[in-house]
file final-v8.pdb (PDB, C-alpha atoms and all ligand atoms)
ATOM      1  CA  MET A 180     119.694 139.898 128.898
ATOM      2  CA  ASP A 181     116.428 138.492 127.550
ATOM      3  CA  TYR A 182     117.129 134.778 128.024
ATOM      4  CA  ALA A 183     113.905 133.857 126.186
ATOM      5  CA  GLU A 184     115.013 135.603 122.991
ATOM      6  CA  LEU A 185     118.427 133.999 122.525
ATOM      7  CA  GLY A 186     119.192 132.428 119.136
ATOM      8  CA  TRP A 187     119.206 128.618 119.046
ATOM      9  CA  GLN A 188     122.976 128.214 119.412
ATOM     10  CA  GLU A 189     123.146 130.480 122.454
ATOM     11  CA  ALA A 190     120.036 128.791 123.874
ATOM     12  CA  VAL A 191     121.709 125.368 123.587
ATOM     13  CA  VAL A 192     124.986 126.550 125.130
ATOM     14  CA  LEU A 193     123.301 128.325 128.048
ATOM     15  CA  GLY A 194     120.587 125.691 128.625
ATOM     16  CA  CYS A 195     123.132 122.885 128.628
ATOM     17  CA  ALA A 196     125.439 124.779 130.998
ATOM     18  CA  ARG A 197     122.548 125.411 133.419
ATOM     19  CA  GLN A 198     121.201 121.866 133.175
ATOM     20  CA  GLU A 199     124.558 120.142 133.626
ATOM     21  CA  GLY A 200     125.658 122.162 136.650
ATOM     22  CA  VAL A 201     128.370 124.153 134.852
ATOM     23  CA  LEU A 202     126.939 127.519 135.939
ATOM     24  CA  GLU A 203     126.678 126.430 139.583
ATOM     25  CA  ALA A 204     130.298 125.243 139.411
ATOM     26  CA  LEU A 205     131.292 128.764 138.345
ATOM     27  CA  SER A 206     129.172 130.691 140.843
ATOM     28  CA  GLY A 207     131.939 131.003 143.442
ATOM     29  CA  GLU A 208     135.676 131.550 142.962
ATOM     30  CA  PRO A 209     136.968 131.769 139.345
ATOM     31  CA  ARG A 210     137.903 128.319 138.047
ATOM     32  CA  ALA A 211     139.923 126.936 135.165
ATOM     33  CA  PRO A 212     138.230 124.605 132.649
ATOM     34  CA  GLU A 213     140.372 121.713 133.962
ATOM     35  CA  GLU A 214     138.962 122.170 137.481
ATOM     36  CA  VAL A 215     135.360 122.353 136.249
ATOM     37  CA  ALA A 216     135.853 119.306 134.021
ATOM     38  CA  GLY A 217     137.395 117.383 136.923
ATOM     39  CA  ALA A 218     134.635 118.335 139.357
ATOM     40  CA  LEU A 219     131.807 117.448 136.948
ATOM     41  CA  GLY A 220     133.382 114.434 135.247
ATOM     42  CA  MET A 221     133.550 116.154 131.843
ATOM     43  CA  ASP A 222     136.007 116.406 128.979
ATOM     44  CA  VAL A 223     138.493 119.302 129.294
ATOM     45  CA  ARG A 224     138.391 120.411 125.632
ATOM     46  CA  ALA A 225     134.595 120.316 125.646
ATOM     47  CA  VAL A 226     134.354 122.359 128.854
ATOM     48  CA  ARG A 227     136.965 124.874 127.653
ATOM     49  CA  THR A 228     134.989 125.368 124.436
ATOM     50  CA  LEU A 229     131.676 125.790 126.254
ATOM     51  CA  LEU A 230     133.155 128.286 128.740
ATOM     52  CA  GLY A 231     134.661 130.294 125.891
ATOM     53  CA  ALA A 232     131.249 130.578 124.247
ATOM     54  CA  LEU A 233     129.596 131.553 127.541
ATOM     55  CA  ALA A 234     132.231 134.244 128.054
ATOM     56  CA  GLU A 235     131.585 135.545 124.524
ATOM     57  CA  MET A 236     127.877 135.722 125.471
ATOM     58  CA  GLU A 237     128.893 137.771 128.540
ATOM     59  CA  ILE A 238     127.422 135.140 130.884
ATOM     60  CA  LEU A 239     130.900 134.457 132.328
ATOM     61  CA  ASP A 240     133.845 136.701 133.086
ATOM     62  CA  GLU A 241     137.221 135.359 132.003
ATOM     63  CA  GLU A 242     140.527 136.380 133.550
ATOM     64  CA  GLU A 243     143.832 134.650 132.936
ATOM     65  CA  GLY A 244     142.159 131.463 131.761
ATOM     66  CA  ARG A 245     139.813 131.267 134.749
ATOM     67  CA  PHE A 246     136.048 131.721 134.474
ATOM     68  CA  ARG A 247     133.326 132.912 136.790
ATOM     69  CA  LEU A 248     129.558 133.477 136.475
ATOM     70  CA  ARG A 249     128.845 137.206 136.181
ATOM     71  CA  GLU A 250     127.102 138.578 139.237
ATOM     72  CA  GLU A 251     124.097 139.923 137.284
ATOM     73  CA  HIS A 252     123.254 136.417 136.037
ATOM     74  CA  ARG A 253     123.533 134.615 139.364
ATOM     75  CA  GLY A 254     120.000 135.370 140.652
ATOM     76  CA  PRO A 255     118.157 135.085 137.318
ATOM     77  CA  LEU A 256     119.877 131.814 136.375
ATOM     78  CA  LEU A 257     120.420 130.009 139.690
ATOM     79  CA  ASP A 258     118.102 131.326 142.404
ATOM     80  CA  ARG A 259     114.506 130.039 142.175
ATOM     81  CA  ARG A 260     113.424 132.781 144.616
ATOM     82  CA  HIS A 261     114.766 135.606 142.442
ATOM     83  CA  PRO A 262     111.883 137.669 140.976
ATOM     84  CA  GLU A 263     113.419 137.370 137.484
ATOM     85  CA  TYR A 264     114.327 133.663 137.814
ATOM     86  CA  ALA A 265     114.759 132.199 134.307
ATOM     87  CA  GLY A 266     116.895 129.119 135.061
ATOM     88  CA  GLY A 267     113.893 126.839 134.457
ATOM     89  CA  SER A 268     113.081 128.641 131.211
ATOM     90  CA  VAL A 269     116.565 128.221 129.712
ATOM     91  CA  VAL A 270     116.638 124.493 130.534
ATOM     92  CA  HIS A 271     113.096 124.098 129.184
ATOM     93  CA  ARG A 272     114.025 125.874 125.933
ATOM     94  CA  PHE A 273     117.070 123.621 125.523
ATOM     95  CA  GLY A 274     114.750 120.606 125.914
ATOM     96  CA  MET A 275     112.346 122.044 123.334
ATOM     97  CA  ILE A 276     115.152 122.406 120.802
ATOM     98  CA  ARG A 277     116.239 118.790 121.390
ATOM     99  CA  ASN A 278     112.681 117.525 121.093
ATOM    100  CA  TRP A 279     111.676 119.583 118.046
ATOM    101  CA  SER A 280     114.767 118.356 116.200
ATOM    102  CA  ARG A 281     113.306 114.842 116.433
ATOM    103  CA  MET A 282     110.362 115.783 114.256
ATOM    104  CA  PRO A 283     111.227 113.294 111.474
ATOM    105  CA  GLU A 284     110.574 110.453 113.965
ATOM    106  CA  VAL A 285     107.332 112.083 115.068
ATOM    107  CA  LEU A 286     106.179 112.464 111.465
ATOM    108  CA  ARG A 287     106.584 108.745 110.883
ATOM    109  CA  SER A 288     105.271 107.408 114.184
ATOM    110  CA  GLY A 289     102.717 110.063 115.101
ATOM    111  CA  GLU A 290     103.960 109.571 118.658
ATOM    112  CA  PRO A 291     105.405 112.315 120.861
ATOM    113  CA  VAL A 292     109.132 112.169 121.591
ATOM    114  CA  ARG A 293     108.231 111.456 125.198
ATOM    115  CA  ASP A 294     105.075 111.326 127.217
ATOM    116  CA  ASN A 295     104.357 114.731 128.717
ATOM    117  CA  ALA A 296     102.817 113.083 131.762
ATOM    118  CA  ALA A 297     106.025 111.211 132.585
ATOM    119  CA  ARG A 298     108.551 113.977 133.039
ATOM    120  CA  GLU A 299     111.828 113.380 134.774
ATOM    121  CA  GLU A 300     112.140 115.268 138.052
ATOM    122  CA  GLU A 301     114.662 117.793 136.700
ATOM    123  CA  ASP A 302     112.647 118.286 133.533
ATOM    124  CA  LEU A 303     109.489 118.870 135.597
ATOM    125  CA  ASP A 304     111.258 121.484 137.696
ATOM    126  CA  ALA A 305     112.447 123.317 134.561
ATOM    127  CA  PHE A 306     109.009 123.112 132.920
ATOM    128  CA  ILE A 307     107.037 124.337 135.937
ATOM    129  CA  PHE A 308     109.415 127.234 136.637
ATOM    130  CA  ALA A 309     109.385 128.123 132.925
ATOM    131  CA  MET A 310     105.561 128.275 133.045
ATOM    132  CA  ARG A 311     105.681 130.247 136.286
ATOM    133  CA  ARG A 312     107.861 132.875 134.629
ATOM    134  CA  ARG A 313     105.989 132.960 131.334
ATOM    135  CA  ALA A 314     102.683 133.761 133.047
ATOM    136  CA  LYS A 315     104.053 136.734 135.005
ATOM    137  CA  GLU A 316     103.345 139.364 132.385
ATOM    138  CA  GLY A 317      99.623 138.815 131.927
ATOM    139  CA  ALA A 318      98.439 137.125 135.133
ATOM    140  CA  GLY A 319      97.354 140.310 136.942
ATOM    141  CA  ALA A 320      95.259 141.451 133.988
ATOM    142  CA  VAL A 321      93.689 138.000 133.516
ATOM    143  CA  ALA A 322      92.782 138.007 137.221
ATOM    144  CA  TRP A 323      91.159 141.399 136.777
ATOM    145  CA  GLU A 324      89.201 140.211 133.705
ATOM    146  CA  LEU A 325      87.930 137.108 135.469
ATOM    147  CA  CYS A 326      87.228 138.668 138.877
ATOM    148  CA  SER A 327      85.308 141.544 137.288
ATOM    149  CA  ARG A 328      82.735 138.916 136.198
ATOM    150  CA  LEU A 329      82.441 137.391 139.692
ATOM    151  CA  PRO A 330      81.032 138.323 143.122
ATOM    152  CA  GLU A 331      83.358 139.548 145.905
ATOM    153  CA  ASN A 332      85.797 136.973 147.322
ATOM    154  CA  PRO A 333      84.912 134.269 144.814
ATOM    155  CA  ARG A 334      85.998 130.660 145.124
ATOM    156  CA  ILE A 335      88.169 129.906 142.072
ATOM    157  CA  LEU A 336      89.408 126.511 140.915
ATOM    158  CA  ASP A 337      92.655 126.892 138.950
ATOM    159  CA  VAL A 338      92.783 123.734 136.813
ATOM    160  CA  GLY A 339      96.394 122.863 135.981
ATOM    161  CA  GLY A 340      97.515 125.934 137.906
ATOM    162  CA  GLY A 341     100.502 124.365 139.686
ATOM    163  CA  PRO A 342     103.114 126.951 138.626
ATOM    164  CA  GLY A 343     101.097 129.320 140.821
ATOM    165  CA  THR A 344     101.399 132.635 138.977
ATOM    166  CA  TYR A 345      97.701 132.933 138.087
ATOM    167  CA  ALA A 346      96.578 131.536 141.454
ATOM    168  CA  GLU A 347      98.656 134.192 143.228
ATOM    169  CA  ALA A 348      97.080 136.900 141.062
ATOM    170  CA  PHE A 349      93.541 135.621 141.835
ATOM    171  CA  ALA A 350      94.380 135.500 145.564
ATOM    172  CA  ARG A 351      95.648 139.095 145.408
ATOM    173  CA  ARG A 352      92.165 140.048 144.144
ATOM    174  CA  GLY A 353      90.599 138.479 147.225
ATOM    175  CA  ALA A 354      89.672 135.087 145.762
ATOM    176  CA  GLU A 355      89.789 131.847 147.718
ATOM    177  CA  VAL A 356      91.858 129.749 145.327
ATOM    178  CA  THR A 357      92.232 125.995 144.923
ATOM    179  CA  VAL A 358      94.924 124.830 142.518
ATOM    180  CA  LEU A 359      94.507 121.398 141.000
ATOM    181  CA  ASP A 360      97.623 119.934 139.438
ATOM    182  CA  LEU A 361      99.460 116.625 139.256
ATOM    183  CA  PRO A 362     100.543 115.501 142.761
ATOM    184  CA  GLU A 363     104.257 115.899 141.964
ATOM    185  CA  VAL A 364     103.679 119.484 140.776
ATOM    186  CA  VAL A 365     101.671 120.430 143.871
ATOM    187  CA  GLU A 366     104.473 118.952 145.983
ATOM    188  CA  LEU A 367     107.150 120.864 144.042
ATOM    189  CA  MET A 368     105.262 124.164 144.417
ATOM    190  CA  ARG A 369     103.871 123.613 147.928
ATOM    191  CA  GLU A 370     105.843 126.401 149.643
ATOM    192  CA  TYR A 371     104.942 128.929 146.903
ATOM    193  CA  LEU A 372     101.222 128.045 147.048
ATOM    194  CA  GLU A 373     101.185 128.120 150.851
ATOM    195  CA  ALA A 374     102.946 131.486 150.891
ATOM    196  CA  ALA A 375     100.145 132.867 148.686
ATOM    197  CA  GLY A 376      97.407 131.322 150.854
ATOM    198  CA  VAL A 377      96.375 129.036 147.988
ATOM    199  CA  ARG A 378      95.137 125.483 148.554
ATOM    200  CA  GLY A 379      96.963 122.848 146.526
ATOM    201  CA  ALA A 380      95.108 119.686 145.473
ATOM    202  CA  GLY A 381      97.047 116.882 143.797
ATOM    203  CA  GLY A 382      95.178 114.862 141.181
ATOM    204  CA  ASP A 383      94.443 114.204 137.528
ATOM    205  CA  PHE A 384      91.873 116.575 136.054
ATOM    206  CA  ASN A 385      91.012 113.971 133.438
ATOM    207  CA  GLU A 386      89.674 111.837 136.255
ATOM    208  CA  SER A 387      88.121 114.159 138.815
ATOM    209  CA  LEU A 388      88.057 117.702 140.205
ATOM    210  CA  PRO A 389      87.840 118.999 143.778
ATOM    211  CA  GLU A 390      84.173 119.052 144.781
ATOM    212  CA  GLY A 391      83.629 122.772 145.115
ATOM    213  CA  PRO A 392      81.339 124.448 144.479
ATOM    214  CA  PHE A 393      83.264 127.296 142.843
ATOM    215  CA  GLU A 394      82.158 130.594 141.365
ATOM    216  CA  ALA A 395      84.760 130.135 138.617
ATOM    217  CA  ALA A 396      87.179 127.682 137.062
ATOM    218  CA  TYR A 397      90.289 128.889 135.251
ATOM    219  CA  LEU A 398      91.858 126.635 132.612
ATOM    220  CA  GLY A 399      95.103 128.379 131.715
ATOM    221  CA  ASN A 400      97.011 126.758 128.861
ATOM    222  CA  VAL A 401      95.721 123.286 129.535
ATOM    223  CA  SER A 402      93.264 122.697 126.685
ATOM    224  CA  HIS A 403      96.087 122.382 124.127
ATOM    225  CA  ILE A 404      97.678 119.479 126.040
ATOM    226  CA  TYR A 405      94.761 117.156 125.229
ATOM    227  CA  GLY A 406      92.512 116.180 122.348
ATOM    228  CA  PRO A 407      88.852 117.023 121.736
ATOM    229  CA  ALA A 408      87.532 114.021 123.707
ATOM    230  CA  GLU A 409      89.469 114.917 126.881
ATOM    231  CA  ASN A 410      88.537 118.596 126.584
ATOM    232  CA  ARG A 411      84.844 117.861 126.134
ATOM    233  CA  ALA A 412      84.910 115.563 129.175
ATOM    234  CA  LEU A 413      86.847 118.136 131.203
ATOM    235  CA  PHE A 414      84.355 120.914 130.386
ATOM    236  CA  ARG A 415      81.525 118.641 131.577
ATOM    237  CA  ARG A 416      83.465 117.905 134.749
ATOM    238  CA  VAL A 417      84.071 121.646 135.306
ATOM    239  CA  ARG A 418      80.367 122.371 134.886
ATOM    240  CA  GLY A 419      79.672 119.868 137.673
ATOM    241  CA  VAL A 420      81.757 121.798 140.242
ATOM    242  CA  LEU A 421      80.507 125.315 139.409
ATOM    243  CA  VAL A 422      77.601 127.122 141.036
ATOM    244  CA  PRO A 423      74.709 127.968 138.651
ATOM    245  CA  GLY A 424      75.912 130.982 136.636
ATOM    246  CA  GLY A 425      79.521 130.120 137.515
ATOM    247  CA  VAL A 426      82.176 131.139 134.995
ATOM    248  CA  ILE A 427      84.622 129.008 133.054
ATOM    249  CA  CYS A 428      87.622 130.953 131.740
ATOM    250  CA  ILE A 429      89.958 129.292 129.249
ATOM    251  CA  ARG A 430      93.249 130.813 128.164
ATOM    252  CA  ASP A 431      94.783 129.275 125.060
ATOM    253  CA  PHE A 432      95.811 129.737 121.469
ATOM    254  CA  VAL A 433      92.647 129.786 119.372
ATOM    255  CA  ARG A 434      93.044 128.443 115.855
ATOM    256  CA  GLY A 435      92.406 131.039 113.160
ATOM    257  CA  VAL A 436      92.411 133.870 115.724
ATOM    258  CA  SER A 437      95.587 133.764 117.842
ATOM    259  CA  ARG A 438      98.812 134.386 115.934
ATOM    260  CA  GLY A 439     101.081 131.348 116.231
ATOM    261  CA  ALA A 440      98.250 128.904 117.036
ATOM    262  CA  ALA A 441      99.123 126.510 114.198
ATOM    263  CA  MET A 442     102.824 126.559 115.116
ATOM    264  CA  PHE A 443     101.950 125.893 118.747
ATOM    265  CA  ALA A 444     100.093 122.771 117.625
ATOM    266  CA  VAL A 445     103.467 121.471 116.385
ATOM    267  CA  ASN A 446     104.772 121.814 119.943
ATOM    268  CA  MET A 447     101.889 119.670 121.110
ATOM    269  CA  LEU A 448     102.480 117.163 118.311
ATOM    270  CA  VAL A 449     106.058 116.738 119.505
ATOM    271  CA  HIS A 450     105.198 116.587 123.205
ATOM    272  CA  THR A 451     101.743 115.042 123.640
ATOM    273  CA  ARG A 452      99.681 112.103 122.399
ATOM    274  CA  SER A 453      96.502 113.994 121.512
ATOM    275  CA  GLY A 454      97.099 117.743 122.061
ATOM    276  CA  GLY A 455      96.657 120.557 119.553
ATOM    277  CA  THR A 456      95.056 123.954 119.152
ATOM    278  CA  TYR A 457      91.351 124.462 118.488
ATOM    279  CA  SER A 458      89.083 126.986 116.798
ATOM    280  CA  ALA A 459      86.591 129.272 118.536
ATOM    281  CA  GLU A 460      83.795 127.200 116.958
ATOM    282  CA  GLU A 461      85.180 124.008 118.468
ATOM    283  CA  TYR A 462      85.389 125.617 121.909
ATOM    284  CA  ARG A 463      81.891 127.052 121.568
ATOM    285  CA  SER A 464      80.339 123.730 120.595
ATOM    286  CA  TRP A 465      82.183 121.772 123.321
ATOM    287  CA  LEU A 466      81.122 124.314 125.941
ATOM    288  CA  GLU A 467      77.491 124.399 124.834
ATOM    289  CA  GLU A 468      77.362 120.624 124.774
ATOM    290  CA  ALA A 469      78.777 120.595 128.355
ATOM    291  CA  GLY A 470      76.032 122.968 129.568
ATOM    292  CA  PHE A 471      77.586 126.441 129.250
ATOM    293  CA  GLU A 472      76.130 129.536 127.578
ATOM    294  CA  GLY A 473      77.132 133.157 126.894
ATOM    295  CA  PHE A 474      80.323 132.285 124.956
ATOM    296  CA  GLU A 475      82.754 135.235 124.799
ATOM    297  CA  LEU A 476      86.127 135.433 123.044
ATOM    298  CA  ALA A 477      88.645 138.143 124.005
ATOM    299  CA  GLN A 478      92.322 138.863 123.338
ATOM    300  CA  ALA A 479      94.406 137.758 126.353
ATOM    301  CA  PRO A 480      96.120 140.715 128.042
ATOM    302  CA  ALA A 481      99.684 139.569 127.213
ATOM    303  CA  GLY A 482     101.031 137.336 124.470
ATOM    304  CA  GLU A 483      99.171 136.005 121.457
ATOM    305  CA  ALA A 484      96.667 133.706 123.176
ATOM    306  CA  HIS A 485      92.953 134.395 123.726
ATOM    307  CA  LEU A 486      90.551 134.167 126.632
ATOM    308  CA  ILE A 487      87.240 132.360 126.381
ATOM    309  CA  PHE A 488      84.481 132.928 128.914
ATOM    310  CA  ALA A 489      81.187 131.095 129.339
ATOM    311  CA  ARG A 490      78.690 130.634 132.182
ATOM    312  CA  ARG A 491      77.133 127.520 133.575
ATOM    313  CA  ALA A 492      73.589 127.514 132.155
TER     314      ALA A 492
HETATM  315  C1  LIG A 501     101.199 124.417 130.188
HETATM  316  S1  LIG A 501     101.088 124.299 131.928
HETATM  317  C2  LIG A 501     100.081 125.700 132.308
HETATM  318  C3  LIG A 501     100.247 126.153 133.725
HETATM  319  C4  LIG A 501      99.416 127.358 134.137
HETATM  320  N1  LIG A 501      97.998 127.082 134.106
HETATM  321  C5  LIG A 501      99.744 128.539 133.265
HETATM  322  O1  LIG A 501      98.943 128.887 132.379
HETATM  323  O2  LIG A 501     100.812 129.119 133.434
HETATM  324  C6  LIG A 501      99.965 122.944 132.145
HETATM  325  C7  LIG A 501      99.752 122.557 133.601
HETATM  326  O3  LIG A 501      98.740 121.547 133.663
HETATM  327  C8  LIG A 501      99.174 120.480 134.485
HETATM  328  N2  LIG A 501      98.520 119.248 134.007
HETATM  329  C9  LIG A 501      98.651 118.664 132.786
HETATM  330  N3  LIG A 501      97.885 117.569 132.706
HETATM  331  C10 LIG A 501      97.257 117.453 133.906
HETATM  332  C11 LIG A 501      96.314 116.523 134.427
HETATM  333  N4  LIG A 501      95.876 115.509 133.684
HETATM  334  N5  LIG A 501      95.856 116.704 135.693
HETATM  335  C12 LIG A 501      96.306 117.746 136.445
HETATM  336  N6  LIG A 501      97.189 118.668 135.990
HETATM  337  C13 LIG A 501      97.656 118.525 134.738
HETATM  338  C14 LIG A 501     100.680 120.491 134.301
HETATM  339  O4  LIG A 501     101.340 119.808 135.361
HETATM  340  C15 LIG A 501     100.986 121.973 134.246
HETATM  341  O5  LIG A 501     101.158 122.542 135.522
END

call {"tool": "encode", "arguments": {"input": "final-v8.pdb", "output": "structure tokens", "more": "lines below"}}
Ligand SMILES: C[S@@+](CC[C@H](N)C(=O)[O-])C[C@H]1O[C@@H](n2cnc3c(N)ncnc32)[C@H](O)[C@@H]1O
result
Amino acid sequence: MDYAELGWQEAVVLGCARQEGVLEALSGEPRAPEEVAGALGMDVRAVRTLLGALAEMEILDEEEGRFRLREEHRGPLLDRRHPEYAGGSVVHRFGMIRNWSRMPEVLRSGEPVRDNAAREEEDLDAFIFAMRRRAKEGAGAVAWELCSRLPENPRILDVGGGPGTYAEAFARRGAEVTVLDLPEVVELMREYLEAAGVRGAGGDFNESLPEGPFEAAYLGNVSHIYGPAENRALFRRVRGVLVPGGVICIRDFVRGVSRGAAMFAVNMLVHTRSGGTYSAEEYRSWLEEAGFEGFELAQAPAGEAHLIFARRA
């Protein structure tokens, strides 16, 4: 099952069941709705209805009024170590649907529905594991693209790289990788980063970066979280930790070039105070102003986003 492609009703039913512990409650012996409702402090009619829908989706097996999570969904939905783990993604998608449906409020206030920087613990877990999964398809090819522009065994700073997928791909190409992410994200992902031999540094990239120097800095899907002022300051900060000729690589939706870039800006409107998506000209001018040259724009290997490369002048 492609959990990312479910229609909105199925996405709500599955995301809610995963988030509220209903799937875990059904991962052992078959149970009746009354038992699940009792164990989780829920309403019996509501649980019976939800389980019926999950059975119709073939997430649960039903036999004589008792339900159980199907074996093929157990790893992908419950086990963070499973290679196809999508439990974070389904909870994240459920949250997106809830947040997007509050757009009338956002239109009036101009404020996000909640501050991206202040995620609840459970929400953070879902978000980071959703990002970890989403990056899987293109990370190896991005690592190849970046490393082919660098000397052997380069030092790479992965800015906002906490989910670890890109960092792992850079490390597989022989890079010495430092991931900078918010302290709570580095803590959450510590065992994954350590297993890949990647150094985790907790901090706020809008304030400072690890000293370096680095042969490259990778900014994967972080530019859209912030406005022009933060991005311009971040590019200047990145320049300061690169060796002369060092490479900055940005992966993001580029306005007017990447399909879906304008729609993605709506996601940032709903979730951030200043985020959005930017044109190639904006990126070029911000990079040149920060002291980069040799601007290059390329299609990212997977998905609709683009890669931007430039070198420290
Ligand atoms: C959309 S995710 C992208 C993750 C990863 N680079 C990728 O492309 O899959 C953005 C990441 O940036 C981190 N982040 C956002 N603002 C940050 C800040 N001010 N300082 C450090 N990390 C930040 C988030 O915690 C998250 O891990």

call {"tool": "residues_near_ligand", "arguments": {"input": "final-v8.pdb", "ligand": "ligand LIG 501 (chain A)", "cutoff": "7 Å", "atoms": "all atoms listed in the file", "output": "PyMOL selection string"}}
result
chain A and resi 296+307+310-311+313-314+338-342+344-345+359-361+364+382-385+398-401+404

call {"tool": "residues_around", "arguments": {"input": "final-v8.pdb", "residues": "A:Arg281", "least_positions_apart": "2", "cutoff": "12 Å", "atoms": "all atoms listed in the file", "output": "ChimeraX atom specification"}}
result
/A:274-279,283-293,445-446,448-450

call {"tool": "closest_residue", "arguments": {"input": "final-v8.pdb", "among": "A:Ser206, A:Ser437, A:Thr451, A:Ser268", "to": "A:Glu184", "atoms": "all atoms listed in the file"}}
result
A:Ser268

call {"tool": "resolve_selection", "arguments": {"input": "final-v8.pdb", "expression": "the PyMOL selection byres (((chain A and resi 269) around 7) and not hetatm)", "output": "mmCIF file with C-alpha atoms, in the coordinates of the input"}}
result
data_model
loop_
_atom_site.group_PDB
_atom_site.id
_atom_site.type_symbol
_atom_site.label_atom_id
_atom_site.label_comp_id
_atom_site.auth_asym_id
_atom_site.auth_seq_id
_atom_site.Cartn_x
_atom_site.Cartn_y
_atom_site.Cartn_z
ATOM 1 C CA TYR A 182 117.129 134.778 128.024
ATOM 2 C CA ALA A 190 120.036 128.791 123.874
ATOM 3 C CA LEU A 193 123.301 128.325 128.048
ATOM 4 C CA GLY A 194 120.587 125.691 128.625
ATOM 5 C CA ALA A 265 114.759 132.199 134.307
ATOM 6 C CA GLY A 266 116.895 129.119 135.061
ATOM 7 C CA GLY A 267 113.893 126.839 134.457
ATOM 8 C CA SER A 268 113.081 128.641 131.211
ATOM 9 C CA VAL A 270 116.638 124.493 130.534
ATOM 10 C CA HIS A 271 113.096 124.098 129.184
ATOM 11 C CA ARG A 272 114.025 125.874 125.933
ATOM 12 C CA PHE A 273 117.070 123.621 125.523
#

call {"tool": "resolve_selection", "arguments": {"input": "final-v8.pdb", "expression": "the PyMOL selection byres (((chain A and resi 213-228) around 10) and not hetatm)", "output": "list in words"}}
result
Ala196, Glu199, Gly200, Val201, Leu202, Ala204, Leu205, Pro209, Arg210, Ala211, Pro212, Leu229, Leu230, Gly231, Ala232, Leu233, Ala234, Gly244, Arg245 and Phe246 of chain A

call {"tool": "atom_distance", "arguments": {"input": "final-v8.pdb", "atom1": "atom CA of A:Pro333", "atom2": "atom CA of A:Glu347"}}
result
13.8 Å

call {"tool": "closest_residue", "arguments": {"input": "final-v8.pdb", "among": "A:Leu466, A:Ile429, A:Ala481, A:Val191", "to": "A:Gly319", "atoms": "all atoms listed in the file"}}
result
A:Ala481

call {"tool": "resolve_selection", "arguments": {"input": "final-v8.pdb", "expression": "the PyMOL selection byres (((chain A and resi 393-397) around 9) and not hetatm)", "output": "PyMOL selection string"}}
result
chain A and resi 325-326+329-330+333-340+345+390-392+398-399+417-418+420-430+490

call {"tool": "write_last_selection", "arguments": {"input": "final-v8.pdb", "atoms": "C-alpha atoms", "output": "PDB file, in the coordinates of the input"}}
result
ATOM      1  CA  LEU A 325      87.930 137.108 135.469  1.00  0.00           C
ATOM      2  CA  CYS A 326      87.228 138.668 138.877  1.00  0.00           C
ATOM      3  CA  LEU A 329      82.441 137.391 139.692  1.00  0.00           C
ATOM      4  CA  PRO A 330      81.032 138.323 143.122  1.00  0.00           C
ATOM      5  CA  PRO A 333      84.912 134.269 144.814  1.00  0.00           C
ATOM      6  CA  ARG A 334      85.998 130.660 145.124  1.00  0.00           C
ATOM      7  CA  ILE A 335      88.169 129.906 142.072  1.00  0.00           C
ATOM      8  CA  LEU A 336      89.408 126.511 140.915  1.00  0.00           C
ATOM      9  CA  ASP A 337      92.655 126.892 138.950  1.00  0.00           C
ATOM     10  CA  VAL A 338      92.783 123.734 136.813  1.00  0.00           C
ATOM     11  CA  GLY A 339      96.394 122.863 135.981  1.00  0.00           C
ATOM     12  CA  GLY A 340      97.515 125.934 137.906  1.00  0.00           C
ATOM     13  CA  TYR A 345      97.701 132.933 138.087  1.00  0.00           C
ATOM     14  CA  GLU A 390      84.173 119.052 144.781  1.00  0.00           C
ATOM     15  CA  GLY A 391      83.629 122.772 145.115  1.00  0.00           C
ATOM     16  CA  PRO A 392      81.339 124.448 144.479  1.00  0.00           C
ATOM     17  CA  LEU A 398      91.858 126.635 132.612  1.00  0.00           C
ATOM     18  CA  GLY A 399      95.103 128.379 131.715  1.00  0.00           C
ATOM     19  CA  VAL A 417      84.071 121.646 135.306  1.00  0.00           C
ATOM     20  CA  ARG A 418      80.367 122.371 134.886  1.00  0.00           C
ATOM     21  CA  VAL A 420      81.757 121.798 140.242  1.00  0.00           C
ATOM     22  CA  LEU A 421      80.507 125.315 139.409  1.00  0.00           C
ATOM     23  CA  VAL A 422      77.601 127.122 141.036  1.00  0.00           C
ATOM     24  CA  PRO A 423      74.709 127.968 138.651  1.00  0.00           C
ATOM     25  CA  GLY A 424      75.912 130.982 136.636  1.00  0.00           C
ATOM     26  CA  GLY A 425      79.521 130.120 137.515  1.00  0.00           C
ATOM     27  CA  VAL A 426      82.176 131.139 134.995  1.00  0.00           C
ATOM     28  CA  ILE A 427      84.622 129.008 133.054  1.00  0.00           C
ATOM     29  CA  CYS A 428      87.622 130.953 131.740  1.00  0.00           C
ATOM     30  CA  ILE A 429      89.958 129.292 129.249  1.00  0.00           C
ATOM     31  CA  ARG A 430      93.249 130.813 128.164  1.00  0.00           C
ATOM     32  CA  ARG A 490      78.690 130.634 132.182  1.00  0.00           C
TER      33      ARG A 490
END
